[in-house]
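So this one's start29.csv, CSV, C-alpha atoms:
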chain,number,residue,atom,x,y,z
P,1,MET,CA,93.9,38.1,-117.1
P,2,GLY,CA,92.4,40.6,-114.7
P,3,LEU,CA,90.8,40.1,-111.3
P,4,ALA,CA,90.1,36.7,-109.8
P,5,MET,CA,87.4,35.8,-107.2
P,6,SER,CA,87.5,33.5,-104.3
P,7,TYR,CA,84.7,32.6,-101.9
P,8,LEU,CA,84.9,31.7,-98.3
P,9,ARG,CA,82.2,30.3,-96.0
P,10,VAL,CA,82.4,31.8,-92.5
P,11,PRO,CA,80.2,31.5,-89.4
P,12,PRO,CA,78.2,34.7,-88.9
P,13,VAL,CA,80.0,35.3,-85.6
P,14,LEU,CA,83.7,34.5,-85.6
P,15,GLU,CA,85.6,34.2,-82.3
P,16,GLY,CA,82.9,36.3,-80.7
P,17,GLU,CA,83.1,39.1,-83.4
P,18,PRO,CA,79.8,39.8,-85.2
P,19,ASP,CA,80.9,42.7,-87.3
P,20,PRO,CA,81.6,41.6,-90.9
P,21,GLY,CA,84.2,44.3,-91.5
P,22,ARG,CA,86.3,43.3,-88.5
P,23,VAL,CA,85.8,39.6,-89.3
P,24,ALA,CA,87.1,40.3,-92.8
P,25,ARG,CA,90.2,42.1,-91.5
P,26,HIS,CA,90.8,39.2,-89.1
P,27,ILE,CA,90.6,36.6,-91.8
P,28,PHE,CA,92.1,38.3,-94.8
P,29,GLY,CA,94.7,40.3,-93.0
P,30,THR,CA,97.0,37.3,-93.0
P,31,ALA,CA,98.9,36.0,-96.0
P,32,ASP,CA,97.9,32.3,-95.3
P,33,TRP,CA,94.1,32.9,-95.3
P,34,ARG,CA,93.5,30.5,-98.2
P,35,ARG,CA,95.3,27.7,-96.4
P,36,ARG,CA,93.5,28.4,-93.1
P,37,GLY,CA,90.1,28.7,-94.8
P,38,ALA,CA,90.6,25.7,-97.2
P,39,PRO,CA,87.6,23.6,-96.1
P,40,GLY,CA,85.3,26.5,-96.8
P,41,LEU,CA,87.0,27.9,-99.8
P,42,PHE,CA,85.8,28.0,-103.4
P,43,GLU,CA,87.9,29.5,-106.2
P,44,LEU,CA,86.0,30.9,-109.2
P,45,GLY,CA,89.1,32.7,-110.5
P,46,TRP,CA,89.1,34.8,-113.6
P,47,ALA,CA,85.7,33.5,-114.7
P,48,TRP,CA,83.8,35.6,-112.1
P,49,GLN,CA,82.4,38.3,-114.4
P,50,ALA,CA,81.5,35.8,-117.2
P,51,MET,CA,79.7,33.7,-114.6
P,52,HIS,CA,77.8,36.8,-113.3
P,53,TYR,CA,76.8,37.4,-117.0
P,54,LEU,CA,75.5,33.9,-117.4
P,55,VAL,CA,73.5,34.0,-114.2
P,56,THR,CA,72.0,37.5,-114.6
P,57,GLY,CA,72.3,38.4,-118.3
P,58,ASP,CA,74.3,41.5,-117.4
P,59,PRO,CA,78.0,42.1,-116.6
P,60,TRP,CA,77.4,44.0,-113.4
P,61,GLU,CA,73.7,44.2,-112.4
P,62,GLY,CA,70.9,41.8,-111.7
P,63,ARG,CA,68.1,41.0,-109.3
P,64,GLN,CA,68.5,39.2,-106.1
P,65,PRO,CA,69.1,36.3,-105.5
P,66,GLU,CA,70.7,35.8,-109.0
P,67,SER,CA,73.1,38.8,-108.6
P,68,ASP,CA,74.2,37.5,-105.1
P,69,VAL,CA,75.9,34.5,-106.7
P,70,VAL,CA,78.8,36.7,-107.9
P,71,CYS,CA,78.6,40.5,-107.5
P,72,GLY,CA,75.9,41.0,-104.9
P,73,GLY,CA,76.5,41.8,-101.3
P,74,ARG,CA,78.0,44.5,-99.2
P,75,LEU,CA,81.4,45.8,-100.2
P,76,LEU,CA,83.4,45.9,-96.9
P,77,THR,CA,86.7,47.3,-98.2
P,78,GLU,CA,85.8,50.4,-100.0
P,79,ASP,CA,88.3,52.2,-97.8
P,80,GLY,CA,90.2,49.1,-96.7
P,81,ALA,CA,91.3,47.6,-100.0
P,82,ASP,CA,94.7,49.2,-99.6
P,83,GLU,CA,94.9,47.7,-96.1
P,84,LEU,CA,94.1,44.2,-97.2
P,85,GLY,CA,95.3,44.4,-100.8
P,86,MET,CA,91.9,43.1,-102.0
P,87,ASP,CA,88.2,43.9,-102.2
P,88,VAL,CA,86.0,41.9,-99.9
P,89,ILE,CA,82.2,41.5,-100.5
P,90,TYR,CA,80.1,40.2,-97.7
P,91,LEU,CA,76.9,38.2,-98.2
P,92,ALA,CA,74.9,37.8,-95.0
P,93,PRO,CA,73.4,34.4,-94.1
P,94,ASP,CA,69.9,35.7,-94.7
P,95,ARG,CA,70.9,36.2,-98.4
P,96,VAL,CA,72.9,33.0,-98.7
P,97,LYS,CA,69.9,30.7,-98.4
P,98,PRO,CA,67.8,32.3,-101.2
P,99,THR,CA,71.0,32.3,-103.4
P,100,ALA,CA,71.5,28.6,-102.6
P,101,ASP,CA,67.9,27.9,-103.4
P,102,HIS,CA,68.1,29.8,-106.6
P,103,LEU,CA,71.2,27.9,-107.8
P,104,ALA,CA,69.7,24.5,-106.8
P,105,GLY,CA,66.5,25.3,-108.6
P,106,THR,CA,68.2,26.6,-111.8
P,107,PRO,CA,70.1,24.0,-113.7
P,108,PHE,CA,73.1,25.1,-115.7
P,109,GLY,CA,71.2,24.4,-118.9
P,110,ARG,CA,68.9,27.3,-118.1
P,111,VAL,CA,71.7,29.9,-118.0
P,112,ALA,CA,74.0,28.3,-120.6
P,113,GLY,CA,71.9,29.8,-123.4
P,114,ARG,CA,73.4,33.2,-122.5
P,115,TYR,CA,76.9,31.9,-123.3
P,116,ASP,CA,77.9,34.0,-126.3
P,117,PRO,CA,81.6,35.1,-126.1
P,118,ALA,CA,81.2,37.8,-128.7
P,119,ALA,CA,78.2,39.3,-127.0
P,120,MET,CA,79.9,39.0,-123.6
P,121,ASP,CA,83.0,40.8,-125.1
P,122,ARG,CA,80.9,43.6,-126.5
P,123,ALA,CA,79.3,44.0,-123.0
P,124,GLY,CA,82.7,44.4,-121.5
P,125,VAL,CA,82.9,41.1,-119.6
P,126,GLN,CA,86.5,40.5,-118.4
P,127,ASP,CA,88.4,38.0,-120.6
P,128,ALA,CA,85.4,37.2,-122.8
P,129,GLY,CA,87.5,37.7,-125.9
P,130,ARG,CA,89.6,34.7,-125.0
P,131,LEU,CA,86.7,32.3,-124.6
P,132,ASP,CA,85.8,29.7,-127.2
P,133,GLY,CA,82.7,27.6,-127.6
P,134,ALA,CA,84.0,24.7,-125.5
P,135,ALA,CA,84.6,26.9,-122.5
P,136,ARG,CA,80.9,26.9,-121.7
P,137,ASP,CA,81.0,23.2,-120.7
P,138,ARG,CA,84.7,22.9,-119.8
P,139,VAL,CA,84.9,25.9,-117.5
P,140,PHE,CA,81.5,27.3,-116.6
P,141,LYS,CA,79.4,24.2,-116.1
P,142,PRO,CA,81.7,22.8,-113.4
P,143,ALA,CA,82.1,26.2,-111.9
P,144,TYR,CA,78.3,26.7,-111.7
P,145,GLU,CA,78.0,23.2,-110.1
P,146,GLY,CA,80.7,24.1,-107.7
P,147,LEU,CA,79.0,27.3,-106.7
P,148,THR,CA,75.7,25.5,-106.2
P,149,GLU,CA,77.4,23.0,-103.8
P,150,PHE,CA,79.3,25.8,-102.1
P,151,PHE,CA,76.2,27.9,-101.4
P,152,LYS,CA,74.2,24.8,-100.5
P,153,ALA,CA,76.8,24.0,-97.8
P,154,ALA,CA,76.9,27.6,-96.5
P,155,ALA,CA,73.1,27.7,-96.3
P,156,ALA,CA,72.9,24.4,-94.4
P,157,GLU,CA,75.4,25.7,-91.9
P,158,GLY,CA,73.9,29.2,-91.6
P,159,GLN,CA,77.1,30.7,-92.7
P,160,ALA,CA,77.9,34.0,-94.3
P,161,VAL,CA,79.9,34.2,-97.6
P,162,TYR,CA,82.9,36.5,-98.1
P,163,LYS,CA,83.9,37.1,-101.7
P,164,VAL,CA,87.4,38.2,-102.3
P,165,MET,CA,88.5,40.0,-105.5
P,166,ALA,CA,92.3,40.2,-106.1
Hey, can you dump this file as structure tokens for me?
Amino acid sequence: MGLAMSYLRVPPVLEGEPDPGRVARHIFGTADWRRRGAPGLFELGWAWQAMHYLVTGDPWEGRQPESDVVCGGRLLTEDGADELGMDVIYLAPDRVKPTADHLAGTPFGRVAGRYDPAAMDRAGVQDAGRLDGAARDRVFKPAYEGLTEFFKAAAAEGQAVYKVMA
């Protein structure tokens, strides 16, 4: 297993700080950030790249708002990954709402047709070689539904989304 992805919903200004980079260092600079952020946390885990593939049809690229579900946003830690021990991607509130709307308007059945573990493996999708036919409905359908609810809640609250890769 490789990298895992976690999502955290955060107000656009946290404790008077509007800068996403400083907010990220404030939140993720402590070991207990998952416990402290639990109400606004969603764990996609190892399935992040396969989910991106299902949503966009590509292991890395895609159009907005589809690509914003997983890989899209602003990388905040290009120089700070060593400091935090993780990569953090920031998705501003003005991109959260279109992403939430896209997910809500795109039922899982419309992206499920892209589920092909062999093709995903050939495309270089992380851990695709270990997927079986049942994983589509066992792993990815509930994850997609969870992401839909997560983004819907973030949009309703006007929140930003921070995506953590570790």
P:Arg63, P:Arg130, P:Lys152, P:Arg9: which is nearest Lys97 (chain P), counting only C-alpha atoms?
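When distances to Lys97 (chain P) are compared using only C-alpha atoms, the smallest one comes from P:Lys152.
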Closest of P:Gly133, P:Gly29, P:Gly45, P:Pro142 to Arg114 (chain P), counting only C-alpha atoms, is P:Gly133
Atom-to-atom span, CA of Tyr90 (chain P) and CA of Glu43 (chain P), Å:
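About the pair CA of Tyr90 (chain P) and CA of Glu43 (chain P): they are 15.7 Å apart.
Of note, CA of Leu76 (chain P) and CA of Ala100 (chain P) are spaced 21.8 Å apart.
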For Met5 (chain P), which residue among P:Arg36, P:His52, P:Arg22, P:Arg136 is the nearest when counting only C-alpha atoms?
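Smallest separation from Met5 (chain P) among the options: P:His52.
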With distances taken over only C-alpha atoms, which residue among P:Ala135, P:Val13, P:Leu91, P:Val69 lies nearest Ala112 (chain P)?
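Answer, going by the shortest atom-to-atom distance: P:Ala135.
What separates CA of Lys141 (chain P) from CA of Pro107 (chain P) is a distance of 9.6 Å.
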As a ChimeraX atom specification, please: the residues near Glu149 (chain P) (cut-off 12 Å, all atoms listed in the file, same-chain neighbours under 2 positions excluded).
/P:9,40-42,69,99-104,142-147,151-156
Contacts of Pro11 (chain P) within 10 Å, all atoms listed in the file, excl. fewer than 2 positions in-chain, as a ChimeraX atom specification
/P:9,13-15,18,23,92-93,154,157-161
Next, write the just-selected residues to a file, as an mmCIF file, keeping the file's coordinate frame, keeping C-alpha atoms as the atom set.
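File selection_6.cif, as written:
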data_model
loop_
_atom_site.group_PDB
_atom_site.id
_atom_site.type_symbol
_atom_site.label_atom_id
_atom_site.label_comp_id
_atom_site.auth_asym_id
_atom_site.auth_seq_id
_atom_site.Cartn_x
_atom_site.Cartn_y
_atom_site.Cartn_z
ATOM 1 C CA ARG P 9 82.200 30.300 -96.000
ATOM 2 C CA VAL P 13 80.000 35.300 -85.600
ATOM 3 C CA LEU P 14 83.700 34.500 -85.600
ATOM 4 C CA GLU P 15 85.600 34.200 -82.300
ATOM 5 C CA PRO P 18 79.800 39.800 -85.200
ATOM 6 C CA VAL P 23 85.800 39.600 -89.300
ATOM 7 C CA ALA P 92 74.900 37.800 -95.000
ATOM 8 C CA PRO P 93 73.400 34.400 -94.100
ATOM 9 C CA ALA P 154 76.900 27.600 -96.500
ATOM 10 C CA GLU P 157 75.400 25.700 -91.900
ATOM 11 C CA GLY P 158 73.900 29.200 -91.600
ATOM 12 C CA GLN P 159 77.100 30.700 -92.700
ATOM 13 C CA ALA P 160 77.900 34.000 -94.300
ATOM 14 C CA VAL P 161 79.900 34.200 -97.600
#
What's around Val164 (chain P) at 6 Å? Count all atoms listed in the file, leave out sequence neighbours fewer than 5 positions away in its own chain, and write the answer as a count of residues only.
4
With all atoms listed in the file as the counted atoms, please give the residues lying no more than 12 Å from Phe28 (chain P), apart from itself and same-chain residues fewer than 6 positions off, as JSON, numbers by chain.
{"P": [6, 7, 8, 10, 20, 21, 22, 34, 35, 36, 37, 76, 77, 80, 81, 83, 84, 85, 86, 87, 88, 89, 162, 163, 164, 165, 166]}
